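Dumped input_3.txt below, it's compact mmCIF, C-alpha atoms:
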```
# COMPACT_ATOMS: atom_id res chain seq x y z
CA MET A 995 -12.23 17.49 19.82
CA THR A 996 -15.05 15.51 21.40
CA ALA A 997 -14.57 11.76 21.32
CA PRO A 998 -17.11 10.22 18.92
CA THR A 999 -18.99 6.99 19.25
CA ALA A 1000 -18.21 4.09 16.94
CA GLN A 1001 -19.81 3.81 13.54
CA HIS A 1002 -19.19 0.89 11.27
CA THR A 1003 -20.35 0.98 7.65
CA THR A 1004 -23.08 2.10 5.22
CA ASN A 1005 -24.41 5.57 4.42
CA PRO A 1006 -21.04 7.19 3.74
CA PRO A 1007 -20.52 10.76 4.93
CA ALA A 1008 -20.02 13.30 2.18
CA ASP A 1009 -16.39 13.68 3.25
CA PRO A 1010 -14.26 10.95 1.60
CA HIS A 1011 -11.70 11.49 4.35
CA HIS A 1012 -14.18 9.81 6.70
CA SER A 1013 -15.35 6.85 4.61
CA THR A 1014 -14.26 4.56 1.81
CA SER A 1015 -15.95 4.30 -1.57
CA SER A 1016 -18.39 1.69 -0.19
CA GLY A 1017 -19.09 3.66 2.99
CA ARG A 1018 -16.86 1.86 5.44
CA VAL A 1019 -15.71 4.21 8.16
CA ARG A 1020 -12.09 5.34 7.96
CA ALA A 1021 -9.81 6.26 10.85
CA ARG A 1022 -10.74 9.95 10.59
CA GLY A 1023 -14.39 8.92 10.68
CA LEU A 1024 -13.74 7.48 14.14
CA GLY A 1025 -12.18 10.79 15.14
CA LEU A 1026 -8.56 9.64 15.23
CA PRO A 1027 -6.31 12.72 15.05
CA PHE A 1028 -3.59 12.92 12.41
CA THR A 1029 -1.00 15.50 11.44
CA GLY A 1030 -1.12 17.26 8.08
CA THR A 1031 -3.64 18.19 5.40
CA PRO A 1032 -4.86 15.37 3.14
CA GLY A 1033 -5.73 15.65 -0.53
CA PRO A 1034 -9.30 15.41 -1.87
CA TYR A 1035 -9.62 11.62 -1.42
CA ASN A 1036 -6.88 11.12 1.20
CA ALA A 1037 -5.60 8.40 -1.11
CA LEU A 1038 -2.80 7.40 -3.47
CA THR A 1039 -5.01 8.57 -6.33
CA ASP A 1040 -4.68 12.17 -5.11
CA VAL A 1041 -1.35 12.24 -6.95
CA PRO A 1042 -2.38 13.43 -10.44
CA GLY A 1043 -2.36 10.62 -12.97
CA VAL A 1044 -1.98 7.73 -10.53
CA GLN A 1045 -4.59 5.00 -10.99
CA VAL A 1046 -5.39 2.00 -8.77
CA GLY A 1047 -7.29 -1.19 -9.58
CA LEU A 1048 -8.51 -3.85 -7.14
CA VAL A 1049 -9.60 -7.45 -7.68
CA THR A 1050 -10.87 -9.22 -4.55
CA LEU A 1051 -11.27 -13.01 -4.49
CA VAL A 1052 -13.43 -14.41 -1.68
CA LYS A 1053 -15.13 -17.77 -2.05
CA GLY A 1054 -15.45 -21.14 -0.33
CA ASP A 1055 -15.11 -22.18 3.29
CA GLY A 1056 -14.43 -25.26 5.38
CA PRO A 1057 -11.31 -27.48 5.48
CA LEU A 1058 -8.33 -26.72 3.29
CA ASP A 1059 -8.14 -28.76 0.12
CA THR A 1060 -5.13 -27.55 -1.80
CA GLY A 1061 -6.25 -26.17 -5.13
CA HIS A 1062 -9.90 -26.04 -4.08
CA GLY A 1063 -9.85 -24.55 -0.61
CA PRO A 1064 -11.13 -21.26 0.78
CA VAL A 1065 -10.01 -18.29 -1.29
CA ARG A 1066 -9.24 -15.05 0.56
CA THR A 1067 -6.85 -13.16 -1.69
CA GLY A 1068 -6.59 -10.71 -4.57
CA VAL A 1069 -4.50 -8.22 -6.54
CA THR A 1070 -3.91 -4.49 -6.24
CA ALA A 1071 -2.64 -2.80 -9.41
CA ILE A 1072 -1.04 0.67 -9.51
CA LEU A 1073 -0.39 2.59 -12.72
CA PRO A 1074 2.12 5.33 -11.74
CA ARG A 1075 1.19 7.57 -14.69
CA GLY A 1076 -2.17 6.04 -15.46
CA ARG A 1077 -3.03 4.21 -18.64
CA ASP A 1078 -2.03 7.17 -20.80
CA GLY A 1079 1.45 7.25 -19.32
CA LEU A 1080 2.46 3.63 -19.78
CA GLY A 1081 6.07 3.32 -20.83
CA THR A 1082 7.02 6.79 -19.55
CA SER A 1083 9.54 6.59 -16.73
CA CYS A 1084 9.14 7.93 -13.22
CA ALA A 1085 12.05 8.68 -10.94
CA ALA A 1086 11.97 5.92 -8.33
CA GLY A 1087 13.77 4.44 -5.36
CA VAL A 1088 13.36 1.46 -3.05
CA HIS A 1089 14.23 0.56 0.53
CA VAL A 1090 14.26 -2.76 2.37
CA LEU A 1091 13.78 -2.74 6.14
CA ASN A 1092 13.67 -6.55 6.34
CA GLY A 1093 14.25 -8.79 3.35
CA ASN A 1094 11.91 -11.66 4.25
CA GLY A 1095 9.78 -10.87 1.19
CA GLU A 1096 9.81 -10.16 -2.52
CA MET A 1097 9.54 -7.13 -4.77
CA THR A 1098 10.52 -7.73 -8.39
CA GLY A 1099 12.04 -5.13 -10.68
CA THR A 1100 14.13 -3.50 -7.97
CA ALA A 1101 17.50 -4.33 -9.54
CA TRP A 1102 16.56 -2.14 -12.52
CA ILE A 1103 15.26 0.64 -10.27
CA ASN A 1104 18.52 0.58 -8.32
CA GLU A 1105 20.50 0.64 -11.56
CA THR A 1106 18.67 3.48 -13.36
CA GLY A 1107 16.44 5.18 -10.78
CA ALA A 1108 13.55 4.67 -13.21
CA LEU A 1109 10.13 2.99 -13.04
CA ALA A 1110 8.12 2.65 -16.26
CA THR A 1111 5.84 -0.32 -15.54
CA PRO A 1112 2.79 -1.11 -13.41
CA VAL A 1113 3.12 -2.08 -9.75
CA LEU A 1114 1.14 -5.07 -8.49
CA LEU A 1115 0.58 -6.27 -4.91
CA THR A 1116 -0.63 -9.78 -4.13
CA ASN A 1117 0.08 -12.84 -1.99
CA SER A 1118 3.46 -14.51 -1.58
CA HIS A 1119 2.85 -17.39 -3.97
CA ALA A 1120 1.24 -15.32 -6.74
CA VAL A 1121 4.21 -13.14 -7.69
CA GLY A 1122 4.91 -15.14 -10.85
CA ALA A 1123 1.31 -15.09 -12.02
CA CYS A 1124 1.09 -11.32 -11.57
CA HIS A 1125 4.42 -10.77 -13.31
CA ARG A 1126 3.25 -12.79 -16.33
CA GLY A 1127 -0.14 -11.06 -16.28
CA ALA A 1128 1.43 -7.60 -16.22
CA ILE A 1129 3.61 -8.38 -19.23
CA ASP A 1130 0.67 -9.83 -21.17
CA TRP A 1131 -1.44 -6.78 -20.32
CA LEU A 1132 1.26 -4.31 -21.34
CA ASN A 1133 1.72 -6.08 -24.67
CA ALA A 1134 -2.04 -6.04 -25.29
CA VAL A 1135 -2.76 -2.40 -24.40
CA ARG A 1136 0.48 -1.01 -25.81
CA PRO A 1137 1.46 -3.17 -28.79
CA ASP A 1138 3.96 -0.49 -29.78
CA LEU A 1139 5.95 -1.49 -26.69
CA ARG A 1140 5.99 -5.23 -27.41
CA ASP A 1141 9.63 -5.17 -28.50
CA ARG A 1142 10.78 -3.41 -25.32
CA TRP A 1143 11.78 -5.22 -22.15
CA HIS A 1144 9.23 -5.18 -19.32
CA MET A 1145 10.25 -5.48 -15.68
CA PRO A 1146 7.01 -5.08 -13.68
CA VAL A 1147 7.20 -4.45 -9.97
CA VAL A 1148 5.31 -7.21 -8.15
CA ALA A 1149 5.39 -7.33 -4.34
CA GLU A 1150 3.81 -9.71 -1.86
CA THR A 1151 2.67 -10.37 1.67
CA TYR A 1152 1.65 -13.75 3.11
CA ASP A 1153 -2.06 -14.55 3.40
CA GLY A 1154 -1.75 -18.29 4.06
CA TYR A 1155 -3.41 -18.10 7.50
CA LEU A 1156 -6.77 -17.36 5.85
CA ASN A 1157 -6.22 -18.20 2.19
CA ASP A 1158 -5.53 -21.36 0.21
CA ILE A 1159 -2.27 -19.77 -0.84
CA ASN A 1160 -1.05 -22.80 -2.79
CA GLY A 1161 -4.21 -23.07 -4.89
CA ASP A 1162 -3.16 -20.84 -7.82
CA HIS A 1163 -6.30 -18.75 -7.49
CA VAL A 1164 -4.45 -15.62 -8.57
CA THR A 1165 -3.78 -16.21 -12.25
CA PRO A 1166 -2.33 -13.95 -14.96
CA ALA A 1167 -5.93 -13.28 -15.99
CA VAL A 1168 -6.74 -11.98 -12.48
CA ALA A 1169 -3.73 -9.66 -12.65
CA ARG A 1170 -4.95 -8.36 -16.01
CA ARG A 1171 -8.39 -7.72 -14.52
CA ALA A 1172 -6.84 -5.62 -11.75
CA LEU A 1173 -4.88 -3.60 -14.32
CA ASP A 1174 -8.01 -3.13 -16.44
CA ALA A 1175 -9.85 -1.88 -13.34
CA ALA A 1176 -7.25 0.79 -12.54
CA ASP A 1177 -8.80 4.24 -12.19
CA GLY A 1178 -8.57 7.43 -10.18
CA GLY A 1179 -10.86 8.78 -7.48
CA ARG A 1180 -12.05 7.40 -4.17
CA LEU A 1181 -10.63 4.04 -3.08
CA GLU A 1182 -11.89 1.09 -1.10
CA GLU A 1183 -9.83 -0.05 1.89
CA GLY A 1184 -9.60 -3.01 4.23
CA SER A 1185 -10.02 -6.56 2.91
CA VAL A 1186 -9.73 -5.68 -0.77
CA GLY A 1187 -7.27 -6.35 -3.59
CA GLY A 1188 -3.95 -7.79 -2.55
CA GLY A 1189 -4.83 -7.05 1.08
CA THR A 1190 -7.89 -9.34 1.12
CA GLY A 1191 -6.46 -12.13 3.27
CA MET A 1192 -4.02 -10.13 5.40
CA SER A 1193 -3.74 -9.51 9.15
CA CYS A 1194 -2.36 -6.54 11.05
CA TYR A 1195 -1.59 -6.48 14.79
CA GLY A 1196 -3.69 -9.63 15.23
CA TYR A 1197 -6.74 -7.98 13.65
CA LYS A 1198 -8.04 -8.10 10.11
CA GLY A 1199 -5.63 -6.02 8.06
CA GLY A 1200 -5.14 -5.36 4.38
CA THR A 1201 -5.22 -2.25 2.20
CA GLY A 1202 -4.95 1.31 3.49
CA THR A 1203 -4.13 4.63 1.88
CA ALA A 1204 -3.59 8.30 2.77
CA SER A 1205 -2.22 11.53 1.29
CA ARG A 1206 -0.82 14.90 2.34
CA LEU A 1207 -0.49 18.27 0.62
CA VAL A 1208 2.95 19.89 0.73
CA THR A 1209 3.97 23.35 -0.46
CA HIS A 1210 7.31 24.28 -1.97
CA ALA A 1211 8.37 27.28 -4.07
CA ASP A 1212 4.79 28.59 -4.34
CA ALA A 1213 3.51 25.22 -5.62
CA THR A 1214 1.39 22.61 -3.87
CA TYR A 1215 2.38 18.98 -4.29
CA THR A 1216 0.86 15.72 -3.06
CA VAL A 1217 2.59 12.90 -1.21
CA ALA A 1218 0.52 9.74 -0.87
CA VAL A 1219 0.93 6.11 0.13
CA LEU A 1220 -0.81 2.80 -0.30
CA VAL A 1221 -0.06 0.15 2.33
CA GLN A 1222 -0.61 -3.61 2.18
CA ALA A 1223 -0.57 -4.20 5.93
CA ASN A 1224 0.14 -7.73 7.15
CA PHE A 1225 2.42 -7.17 10.14
CA GLY A 1226 2.62 -6.43 13.85
CA ALA A 1227 1.87 -8.23 17.12
CA ARG A 1228 -1.25 -7.26 19.08
CA HIS A 1229 0.58 -5.91 22.14
CA GLU A 1230 2.49 -3.46 19.91
CA LEU A 1231 -0.53 -1.71 18.37
CA THR A 1232 -0.43 2.06 18.86
CA LEU A 1233 -3.05 4.52 17.60
CA ALA A 1234 -2.81 8.30 18.01
CA GLY A 1235 0.20 7.71 20.26
CA VAL A 1236 -1.78 5.48 22.65
CA PRO A 1237 -0.57 1.86 23.16
CA VAL A 1238 -4.06 0.43 22.75
CA GLY A 1239 -2.80 -3.08 21.96
CA ARG A 1240 -1.72 -3.61 25.57
CA HIS A 1241 -5.36 -3.29 26.57
CA LEU A 1242 -6.81 -5.41 23.73
CA ARG A 1243 -5.14 -8.75 24.38
CA HIS A 1244 -8.32 -10.84 24.15
CA ASP A 1245 -9.47 -12.53 20.92
CA ASP A 1246 -5.97 -12.66 19.47
CA PRO A 1247 -5.70 -15.91 17.48
CA LEU A 1248 -2.20 -15.15 16.18
CA GLY A 1249 -0.98 -14.52 19.71
CA ALA A 1250 -2.24 -17.86 21.00
CA ALA A 1251 0.13 -20.73 21.77
CA GLY A 1252 0.58 -22.97 18.75
CA ALA A 1253 -0.71 -20.45 16.22
CA PRO A 1254 0.32 -21.57 12.70
CA VAL A 1255 1.70 -18.09 11.93
CA PRO A 1256 3.91 -16.36 14.52
CA SER A 1257 2.54 -13.18 16.03
CA GLY A 1258 4.03 -10.20 14.16
CA ALA A 1259 4.82 -12.17 11.00
CA GLY A 1260 3.44 -11.61 7.54
CA SER A 1261 5.08 -8.56 5.86
CA VAL A 1262 4.18 -5.04 4.75
CA ILE A 1263 4.48 -3.41 1.34
CA VAL A 1264 4.27 0.39 1.03
CA THR A 1265 4.10 2.38 -2.20
CA VAL A 1266 4.82 6.11 -1.93
CA ALA A 1267 3.84 8.42 -4.80
CA THR A 1268 4.33 12.15 -5.30
CA ASP A 1269 4.12 14.74 -8.05
CA ALA A 1270 6.91 16.76 -6.43
CA PRO A 1271 9.96 16.76 -8.72
CA LEU A 1272 12.55 14.48 -7.16
CA LEU A 1273 15.79 12.76 -8.03
CA PRO A 1274 15.86 8.96 -7.79
CA GLY A 1275 17.99 9.23 -4.65
CA GLN A 1276 15.36 11.49 -3.10
CA CYS A 1277 12.67 8.91 -3.90
CA ALA A 1278 14.79 6.33 -2.09
CA ALA A 1279 15.01 8.77 0.82
CA LEU A 1280 11.20 8.89 0.97
CA ALA A 1281 11.12 5.09 0.98
CA ARG A 1282 13.59 5.09 3.88
CA ARG A 1283 11.14 7.20 5.93
CA VAL A 1284 8.37 4.60 5.63
CA PRO A 1285 9.60 2.59 8.67
CA LEU A 1286 9.20 5.70 10.83
CA GLY A 1287 5.52 5.81 9.97
CA LEU A 1288 5.15 2.09 10.62
CA ALA A 1289 6.88 2.51 13.98
CA ARG A 1290 4.31 5.13 14.98
CA SER A 1291 1.72 2.35 14.70
CA GLY A 1292 3.77 0.28 17.16
CA THR A 1293 5.78 -2.31 15.25
CA THR A 1294 9.43 -3.00 16.02
CA GLY A 1295 9.88 -5.08 12.84
CA SER A 1296 9.54 -8.85 13.11
CA HIS A 1297 12.17 -11.11 11.52
CA PHE A 1298 9.28 -12.94 9.84
CA SER A 1299 7.91 -9.77 8.25
CA GLY A 1300 9.23 -8.75 4.83
CA ASP A 1301 9.16 -4.95 4.84
CA LEU A 1302 9.70 -3.56 1.33
CA PHE A 1303 9.04 -0.02 0.14
CA LEU A 1304 8.88 1.75 -3.24
CA ALA A 1305 8.65 5.49 -3.86
CA PHE A 1306 8.23 7.27 -7.18
CA SER A 1307 7.77 10.79 -8.56
CA THR A 1308 5.54 11.55 -11.54
CA ALA A 1309 7.35 14.81 -12.34
CA ASN A 1310 9.95 15.10 -15.13
CA PRO A 1311 8.11 12.80 -17.56
CA SER A 1312 10.62 13.20 -20.38
CA ALA A 1313 13.67 12.18 -18.35
CA LEU A 1314 15.24 8.90 -17.20
CA ALA A 1315 14.09 6.92 -20.25
CA SER A 1316 16.27 4.10 -21.58
CA HIS A 1317 16.02 3.66 -25.37
CA TYR A 1318 18.15 1.70 -27.79
CA PRO A 1319 20.52 3.97 -29.69
CA ALA A 1320 19.17 4.86 -33.12
CA GLY A 1321 21.12 6.31 -36.00
CA HIS A 1322 18.41 8.82 -36.85
CA ARG A 1323 18.02 10.09 -33.26
CA ALA A 1324 20.17 13.04 -32.35
CA GLU A 1325 22.18 12.61 -29.19
CA ARG A 1326 21.22 14.98 -26.40
CA LEU A 1327 21.47 15.63 -22.70
CA ASP A 1328 18.58 15.13 -20.29
CA SER A 1329 17.80 17.34 -17.31
CA LEU A 1330 15.77 16.99 -14.12
CA LEU A 1331 14.03 19.56 -11.97
CA PHE A 1332 14.16 18.61 -8.32
CA VAL A 1333 13.42 19.91 -4.86
CA PRO A 1334 16.71 20.89 -3.21
CA TRP A 1335 17.87 18.35 -0.67
CA GLY A 1336 17.77 20.98 2.04
CA ASP A 1337 14.04 21.43 1.47
CA MET A 1338 13.07 17.74 1.66
CA ASP A 1339 11.91 17.67 5.28
CA ARG A 1340 8.28 18.54 4.49
CA LEU A 1341 8.15 15.62 2.08
CA PHE A 1342 9.69 13.33 4.70
CA ASP A 1343 7.12 14.51 7.26
CA ALA A 1344 4.27 13.87 4.84
CA THR A 1345 5.49 10.35 4.09
CA VAL A 1346 5.69 9.39 7.76
CA HIS A 1347 2.27 10.81 8.57
CA CYS A 1348 0.66 9.18 5.52
CA VAL A 1349 2.04 5.76 6.45
CA GLU A 1350 0.78 6.03 10.02
CA GLU A 1351 -2.72 6.94 8.83
CA ALA A 1352 -2.83 4.34 6.06
CA VAL A 1353 -2.09 1.56 8.56
CA ALA A 1354 -4.88 2.86 10.82
CA ASP A 1355 -7.25 2.91 7.85
CA ALA A 1356 -6.41 -0.69 6.91
CA LEU A 1357 -7.48 -1.68 10.43
CA VAL A 1358 -10.50 0.59 10.89
CA ALA A 1359 -12.11 0.02 7.47
CA ASN A 1360 -12.41 -3.70 8.02
CA THR A 1361 -14.66 -6.53 9.18
CA PRO A 1362 -13.93 -9.96 10.70
CA MET A 1363 -12.96 -12.76 8.32
CA THR A 1364 -12.90 -16.56 8.57
CA GLY A 1365 -10.88 -18.56 6.07
CA ARG A 1366 -9.09 -21.88 5.67
CA ASP A 1367 -9.52 -24.54 8.34
CA GLY A 1368 -11.78 -22.23 10.32
CA HIS A 1369 -8.98 -19.73 10.93
CA HIS A 1370 -10.49 -16.45 12.03
CA LEU A 1371 -9.35 -12.85 12.43
CA PRO A 1372 -11.44 -10.33 14.37
CA ALA A 1373 -11.83 -6.74 13.26
CA LEU A 1374 -10.49 -3.82 15.26
CA PRO A 1375 -13.13 -3.07 17.93
CA HIS A 1376 -14.06 0.53 17.16
CA GLN A 1377 -15.82 1.44 20.38
CA GLN A 1378 -13.12 -0.04 22.60
CA VAL A 1379 -10.48 1.91 20.69
CA ILE A 1380 -12.47 5.14 21.06
CA ASP A 1381 -12.87 4.52 24.80
CA LEU A 1382 -9.14 3.89 25.22
CA LEU A 1383 -8.19 7.00 23.25
CA ARG A 1384 -10.65 9.09 25.28
CA ASP A 1385 -9.24 7.69 28.52
CA HIS A 1386 -5.76 8.76 27.37
CA HIS A 1387 -7.02 12.21 26.28
CA ALA A 1388 -6.01 11.54 22.65
CA PHE A 1389 -8.95 13.59 21.35
CA GLY A 1390 -7.72 16.79 22.99
```
Show me, as C-alpha cells, the structure contained in the file I just sent.
Amino acid sequence: MTAPTAQHTTNPPADPHHSTSSGRVRARGLGLPFTGTPGPYNALTDVPGVQVGLVTLVKGDGPLDTGHGPVRTGVTAILPRGRDGLGTSCAAGVHVLNGNGEMTGTAWINETGALATPVLLTNSHAVGACHRGAIDWLNAVRPDLRDRWHMPVVAETYDGYLNDINGDHVTPAVARRALDAADGGRLEEGSVGGGTGMSCYGYKGGTGTASRLVTHADATYTVAVLVQANFGARHELTLAGVPVGRHLRHDDPLGAAGAPVPSGAGSVIVTVATDAPLLPGQCAALARRVPLGLARSGTTGSHFSGDLFLAFSTANPSALASHYPAGHRAERLDSLLFVPWGDMDRLFDATVHCVEEAVADALVANTPMTGRDGHHLPALPHQQVIDLLRDHHAFG
C-alpha cells in the first residue's frame, strides 16, 4: 500500500469506510491498515436493528461561570433492538477493567444476563439526568410498558477539562432528544454526542465506531463497537503498531506540569454489539476482550480512567425475558441458540480489532477544540502521523 497524504474533511468519498456521515476522514481514509472485513458502514449500526442517536451541545466560550459557562458535551443513545424492539431482552454481559467510573443497570445484567433498555453515554455529572430522561422516554413511546421496571444503562466519561460539567446542561429533555434521534445507517464520529468534550492521548477524542463480519456455520454475523474515548497519555499512543506518541510530544496540554487533569485520566466506555447468537457469559467474554483492543492503541490503563464495557447479542429475541407470573400464562421452558464456546475465537478477534479501529477513528475524525477557561485540545496531526507510519513501513 502506498502511503497517502493527509486529507481532513468535506467532500466525502463514496466509501463510508473512509469518511463519516459529514465527510470527516476516518482512519481508513488516511490509509491506516486494519485487520478484518468491516460491515457496510463500519459502524455499530451494521448490526441489524441497532440504532444510534447523537445530541451535541457546543455553545459559549470564555471564563467558567458555573451554570452558564462553556458547553462542550452531549449524549449518545443506543437502542439495541431499535425502536421496534423496545422491551425485548438481549443477552448481555459487562466487564470492568478499572472502576473509576459509572455504568448503571449492571447489577441487573449480572443477575439475569439480560438487557432490555436503551444505553446512553454522556458526561460524569449527567448520569442522573440521562437515567431520568430514558425512563420518561420509554414511558412515552411505550405506554404499555409503564407498569414495568426500567433500569436503563447510562455510562459516563469526564469532560470537565473542556466543559462546564457542573452546569446541568445535559437535562432529561436532552437525553430524550438523543433517543428520538436514534436511527440506523452511517454515523458521525469525533466530537459528537457523549464524546463531544472528551480527550484521547492528549488529542481531541470522543466517539468512534467500527465493525467486522464473522462467519460461523455457513452464516455471516456482525460484531461492532462504539467507543467513547477519553483516556490515554500522549507518549503511549500507538497506531498500526507504531508508537507514534513518542514522536508527538509537542502541543500536549494534558501532559504539561500543573495540568488540571492528569495525563491519561478521563475514562473509556465501549459498547459491543453482535447478531451472533450468544449466551450472557459469552457476551461478558466479548466485553473482557475490549481491553486488548485498547492496549493495541497504547494505553496501560490509568488509575484515573474508568474503563467499563458492555456487550450484547440481538439474537434469541424471545428468550431471557422477566415477566410477572400470570395465572392465565402457561408455564414453559425457554431455550437459547448459541455459538459453541470452542468456536468463539473469531468473535474475540473481531472485538479486539473493532476496538482498535474505533479508537483510531475517534482521533482521526476530529478537529481542535477550546472550552472552559481557554483550555484547548489539539487534533491528531494527520500528515505527521502518515509520515511516521511511512517511516516505520506500516503501509507495507
Which neighbours of stretch 1225-1238 of chain A fall inside 9 Å, counting all atoms listed in the file, when residues of the same chain fewer than 4 positions from it are skipped, and could you give them as a short mmCIF file (atom, residue, chain, number, x, y, z; two decimals) with C-alpha atoms, keeping the file's coordinate frame?
```cif
data_model
loop_
_atom_site.label_atom_id
_atom_site.label_comp_id
_atom_site.auth_asym_id
_atom_site.auth_seq_id
_atom_site.Cartn_x
_atom_site.Cartn_y
_atom_site.Cartn_z
CA LEU A 1026 -8.56 9.64 15.23
CA PRO A 1027 -6.31 12.72 15.05
CA PHE A 1028 -3.59 12.92 12.41
CA MET A 1192 -4.02 -10.13 5.40
CA SER A 1193 -3.74 -9.51 9.15
CA CYS A 1194 -2.36 -6.54 11.05
CA TYR A 1195 -1.59 -6.48 14.79
CA GLY A 1196 -3.69 -9.63 15.23
CA TYR A 1197 -6.74 -7.98 13.65
CA GLY A 1199 -5.63 -6.02 8.06
CA LEU A 1242 -6.81 -5.41 23.73
CA ARG A 1243 -5.14 -8.75 24.38
CA ASP A 1246 -5.97 -12.66 19.47
CA LEU A 1248 -2.20 -15.15 16.18
CA GLY A 1249 -0.98 -14.52 19.71
CA PRO A 1256 3.91 -16.36 14.52
CA SER A 1257 2.54 -13.18 16.03
CA GLY A 1258 4.03 -10.20 14.16
CA ALA A 1259 4.82 -12.17 11.00
CA GLY A 1260 3.44 -11.61 7.54
CA SER A 1261 5.08 -8.56 5.86
CA VAL A 1262 4.18 -5.04 4.75
CA ALA A 1289 6.88 2.51 13.98
CA ARG A 1290 4.31 5.13 14.98
CA SER A 1291 1.72 2.35 14.70
CA GLY A 1292 3.77 0.28 17.16
CA THR A 1293 5.78 -2.31 15.25
CA THR A 1294 9.43 -3.00 16.02
CA GLY A 1295 9.88 -5.08 12.84
CA SER A 1296 9.54 -8.85 13.11
CA PHE A 1298 9.28 -12.94 9.84
CA SER A 1299 7.91 -9.77 8.25
CA GLY A 1300 9.23 -8.75 4.83
CA ASP A 1301 9.16 -4.95 4.84
CA GLU A 1350 0.78 6.03 10.02
CA ALA A 1354 -4.88 2.86 10.82
CA VAL A 1379 -10.48 1.91 20.69
CA LEU A 1382 -9.14 3.89 25.22
CA LEU A 1383 -8.19 7.00 23.25
CA HIS A 1386 -5.76 8.76 27.37
CA ALA A 1388 -6.01 11.54 22.65
CA PHE A 1389 -8.95 13.59 21.35
#
```
Which polymer residues, whether protein, DNA or RNA, lie within 8 Å of the coordinate (8.7, -7.5, -2.9) when you count only C-alpha atoms? List them as a PDB file with C-alpha atoms, keeping the file's coordinate frame, using the chain letters and numbers from the file.
```
ATOM      1  CA  GLY A1095       9.780 -10.870   1.190  1.00  0.00           C
ATOM      2  CA  GLU A1096       9.810 -10.160  -2.520  1.00  0.00           C
ATOM      3  CA  MET A1097       9.540  -7.130  -4.770  1.00  0.00           C
ATOM      4  CA  THR A1098      10.520  -7.730  -8.390  1.00  0.00           C
ATOM      5  CA  VAL A1147       7.200  -4.450  -9.970  1.00  0.00           C
ATOM      6  CA  VAL A1148       5.310  -7.210  -8.150  1.00  0.00           C
ATOM      7  CA  ALA A1149       5.390  -7.330  -4.340  1.00  0.00           C
ATOM      8  CA  GLU A1150       3.810  -9.710  -1.860  1.00  0.00           C
ATOM      9  CA  ILE A1263       4.480  -3.410   1.340  1.00  0.00           C
ATOM     10  CA  GLY A1300       9.230  -8.750   4.830  1.00  0.00           C
ATOM     11  CA  LEU A1302       9.700  -3.560   1.330  1.00  0.00           C
TER      12      LEU A1302
END
```
(request) Grab the atom CA of A:Val1019 to atom CA of A:Ser1185 distance for me, in Å with one decimal place. (result) 13.3 Å
(request) Taking (4.1, 6.9, 10.7) in the file's own coordinates, collect the residues within 8 Å, counting all atoms listed in the file, and hand them back as a PyMOL selection string. (result) chain A and resi 1284-1291+1345-1351
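Pairwise distance (atom CA of A:Gly1191, atom CA of A:Ala1251) equals 21.4 Å.
Atom pair atom CA of A:Met1145 / atom CA of A:Leu1132 has a distance of 10.7 Å (rounded to one decimal).
The closest residue to A:Arg1142, picked from A:Gln1377, A:Thr1029, A:Ala1305, A:Ala1315 and counting only C-alpha atoms, is A:Ala1315.
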(message) What's around A:Leu1314 at 12 Å? Count only C-alpha atoms, leave out sequence neighbours fewer than 6 positions away in its own chain, and write the answer as a list of chain:residue names.
(response)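 Counting only C-alpha atoms, the residues come to A:Gly1081, A:Thr1082, A:Ser1083, A:Cys1084, A:Ala1085, A:Ala1086, A:Ile1103, A:Glu1105, A:Thr1106, A:Gly1107, A:Ala1108, A:Leu1109, A:Ala1110, A:Leu1272, A:Leu1273, A:Pro1274, A:Ser1307, A:Thr1308, A:Leu1327, A:Asp1328, A:Ser1329, A:Leu1330, A:Leu1331.
Using only C-alpha atoms for every distance, the candidate list A:Asp1158, A:Ala1071, A:Glu1182, A:Ala1176 yields A:Ala1071 as the residue closest to A:Pro1146.
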Polymer residues at most 9 Å from A:Lys1053, all atoms listed in the file, same-chain spacing of 3 or more positions, as a PDB file with C-alpha atoms, keeping the file's coordinate frame:
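Listing of around.pdb after writing:
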```
ATOM      1  CA  GLY A1063      -9.850 -24.550  -0.610  1.00  0.00           C
ATOM      2  CA  PRO A1064     -11.130 -21.260   0.780  1.00  0.00           C
ATOM      3  CA  VAL A1065     -10.010 -18.290  -1.290  1.00  0.00           C
ATOM      4  CA  ARG A1066      -9.240 -15.050   0.560  1.00  0.00           C
TER       5      ARG A1066
END
```
(request) Using only C-alpha atoms, pick whichever of A:Asn1157, A:His1297, A:Ser1312, A:Phe1303 has the shortest atom-to-atom distance to A:His1370. (result)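 Looking at the shortest contact to A:His1370, the residue is A:Asn1157.
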Hey, can I get the axis-aligned box for stretch 1290-1295 of chain A? All listed atoms, 5 Å padding on each side, centre and edge lengths in Å to one decimal, as JSON.
```
{"center_x": 5.8, "center_y": 0.0, "center_z": 15.0, "size_x": 18.2, "size_y": 20.2, "size_z": 14.3}
```
(message) What's around A:Ala1128 at 9 Å? Count all atoms listed in the file, leave out sequence neighbours fewer than 5 positions away in its own chain, and write the answer as a ChimeraX atom specification.
(response) /A:1111-1114,1123,1133,1144,1146,1148,1166,1169-1170,1173
